[in-house]
Amino acid sequence: MIRTGAAIAGALALASPAAAQPSMPVARATDADRLLVGLADEAAGEAIVTLRHDEASNAPTCKAGSVRGGPAIADASCALALKKLGWAAAGVDRNGKRQALPRLRIAWTKPDKAGAEPDATDDDGLTPISPERWVLPADYPGTRAQGASEFILDVAPSGRPTACHITKSAGSDILDRKTCEVLMRSGLFLPALDAQGKPRPAQFRSRLSWAIE
C-alpha cells in the first residue's frame with residue numbers, strides 16, 4: 001500500500017474520517033487558514049458550505065450545514081469559503097448563466113503542537129482538497145522500490161497544479177516520475193490569496209512516501 005506520510009495525510013487529516021461523505025470534496029483547513037479567518041487553535045470540527053451569488057446585493061453568500069463543532073466552525077468555514085471561492089460565485093458561463101458551485105466540506109483539526117511528527121509541508125497559503133484521494137494503492141508502480149520523493153507543485157490561481165518538480169529523490173526514478181504523474185493528475189486546492197484577497201499562483205512543497213506493507 002501507499003503511505004502519504006505526515007506531510008499530506010497526517011497533519012492535514014480530517015477530524016473524524018468516519019463522518020466524511022466519500023463523494024464530497026473535503027478542504028483540509030491549514031494553520032494559515034485559521035489565521036486568515038481568526039479561528040482559535042482549540043476549535044475543531046467540520047461543516048458543509050454552499051456558496052451562491054445573491055443577485056439583489058450582487059455579492060456571494062454562504063450557508064453552512066451539517067456543522068460539527070458549533071457556531072465558530074460554521075462561521076469560520078463560511079468565511080474561508082467566501083474568501084477563497086467568493087470570486088467564483090460571480091462567474092457566468094458562455095451563455096451568461098450563473099455558474100453553480102459544488103458543495104464543499106471544510107474540516108478543521110486542532111494543531112498538534114507537542115509531539116507532532118516533523119512535517120515537510122509548506123502550503124504557501126493553499127488549502128488542499130481531499131489529499132487522501134490524490135494517491136491510491138493502484139498508483140504504486142510495478143517496482144519493489146520504496147522511498148520518499150520530496151516535491152514542489154506550482155499551482156495556478158484556479159487551484160490546479162501546472163508543474164511538478166522533484167527536490168529530493170526517493171532513490172528511484174520510477175517513484176519520482178510516478179509522484180509527479182499522480183499529483184499533476186489529482187492535486188487540487190483552494191487558492192492562495194494575494195494582498196488584495198485575489199487568487200494568486202503559489203507553490204505547495206511536501207513529500208510523498210512510497211512503502212510496501
# chains A, B, ... in the order shown; residues from 1 in each chain; ligands from 1
call {"tool": "closest_atom_pairs", "arguments": {"of": "range 42-98 of chain A", "to": "range 194-201 of chain A", "cutoff": "10 Å", "atoms": "only C-alpha atoms", "output": "JSON lines"}}
result
{"residue": "A:Lys83", "atom": "CA", "partner": "A:Gly197", "partner_atom": "CA", "distance": 7.0}
{"residue": "A:Lys84", "atom": "CA", "partner": "A:Pro199", "partner_atom": "CA", "distance": 7.2}
{"residue": "A:Leu85", "atom": "CA", "partner": "A:Pro199", "partner_atom": "CA", "distance": 8.8}
{"residue": "A:Gly86", "atom": "CA", "partner": "A:Lys198", "partner_atom": "CA", "distance": 9.8}
{"residue": "A:Trp87", "atom": "CA", "partner": "A:Lys198", "partner_atom": "CA", "distance": 8.0}
call {"tool": "closest_atom_pairs", "arguments": {"of": "range 116-151 of chain A", "to": "range 171-181 of chain A", "cutoff": "7 Å", "atoms": "only C-alpha atoms", "output": "JSON lines"}}
result
{"residue": "A:Ala145", "atom": "CA", "partner": "A:Ser172", "partner_atom": "CA", "distance": 6.8}
{"residue": "A:Gly147", "atom": "CA", "partner": "A:Gly171", "partner_atom": "CA", "distance": 6.6}
{"residue": "A:Ser149", "atom": "CA", "partner": "A:Asp176", "partner_atom": "CA", "distance": 5.9}
call {"tool": "residues_around", "arguments": {"residues": "Arg34 in chain A", "least_positions_apart": "6", "cutoff": "12 Å", "atoms": "only C-alpha atoms", "output": "number ranges by chain"}}
result
A: 28, 40-44, 72-73, 75-77, 79-80, 106-111, 125, 127
call {"tool": "select_by_dssp", "arguments": {"residues": "range 41-178 of chain A", "states": "strand (DSSP E or B)", "output": "count of residues only"}}
result
48
call {"tool": "atom_distance", "arguments": {"atom1": "CA of Gln146 in chain A", "atom2": "CA of Ser209 in chain A"}}
result
7.8 Å
call {"tool": "atom_distance", "arguments": {"atom1": "CA of Ser206 in chain A", "atom2": "CA of Arg185 in chain A"}}
result
16.3 Å
call {"tool": "select_by_dssp", "arguments": {"residues": "range 12-205 of chain A", "states": "alpha helix (DSSP H)", "output": "ChimeraX atom specification"}}
result
/A:31-37,71-89,173-186
call {"tool": "write_last_selection", "arguments": {"atoms": "C-alpha atoms", "output": "CSV table (one decimal), in the first residue's frame"}}
result
chain,number,residue,atom,x,y,z
A,31,ASP,CA,-2.9,26.7,10.2
A,32,ALA,CA,-2.7,29.6,7.8
A,33,ASP,CA,-6.4,29.3,7.1
A,34,ARG,CA,-7.1,29.6,10.9
A,35,LEU,CA,-5.1,32.8,10.9
A,36,LEU,CA,-6.9,34.1,7.8
A,37,VAL,CA,-10.4,33.7,9.4
A,71,PRO,CA,-21.1,28.2,15.5
A,72,ALA,CA,-17.4,29.1,15.4
A,73,ILE,CA,-16.8,26.3,13.0
A,74,ALA,CA,-19.8,27.3,10.9
A,75,ASP,CA,-18.6,30.9,10.8
A,76,ALA,CA,-15.0,30.0,10.0
A,77,SER,CA,-16.0,27.6,7.3
A,78,CYS,CA,-18.1,30.2,5.5
A,79,ALA,CA,-15.5,32.9,6.0
A,80,LEU,CA,-12.9,30.7,4.4
A,81,ALA,CA,-15.1,29.7,1.5
A,82,LEU,CA,-16.1,33.3,0.8
A,83,LYS,CA,-12.5,34.5,0.9
A,84,LYS,CA,-11.2,31.7,-1.3
A,85,LEU,CA,-14.2,31.0,-3.6
A,86,GLY,CA,-16.4,34.0,-3.3
A,87,TRP,CA,-14.9,35.4,-6.6
A,88,ALA,CA,-16.1,32.2,-8.4
A,89,ALA,CA,-19.7,32.7,-7.2
A,173,ASP,CA,13.4,7.5,-11.0
A,174,ILE,CA,10.3,5.4,-11.3
A,175,LEU,CA,8.9,6.6,-8.0
A,176,ASP,CA,9.9,10.2,-8.7
A,177,ARG,CA,8.1,10.1,-12.0
A,178,LYS,CA,5.1,8.5,-10.6
A,179,THR,CA,4.9,11.1,-7.8
A,180,CYS,CA,4.7,13.9,-10.3
A,181,GLU,CA,2.3,12.0,-12.5
A,182,VAL,CA,-0.3,11.3,-9.8
A,183,LEU,CA,0.0,14.8,-8.2
A,184,MET,CA,-0.5,16.5,-11.6
A,185,ARG,CA,-3.5,14.3,-12.2
A,186,SER,CA,-5.2,14.5,-8.8
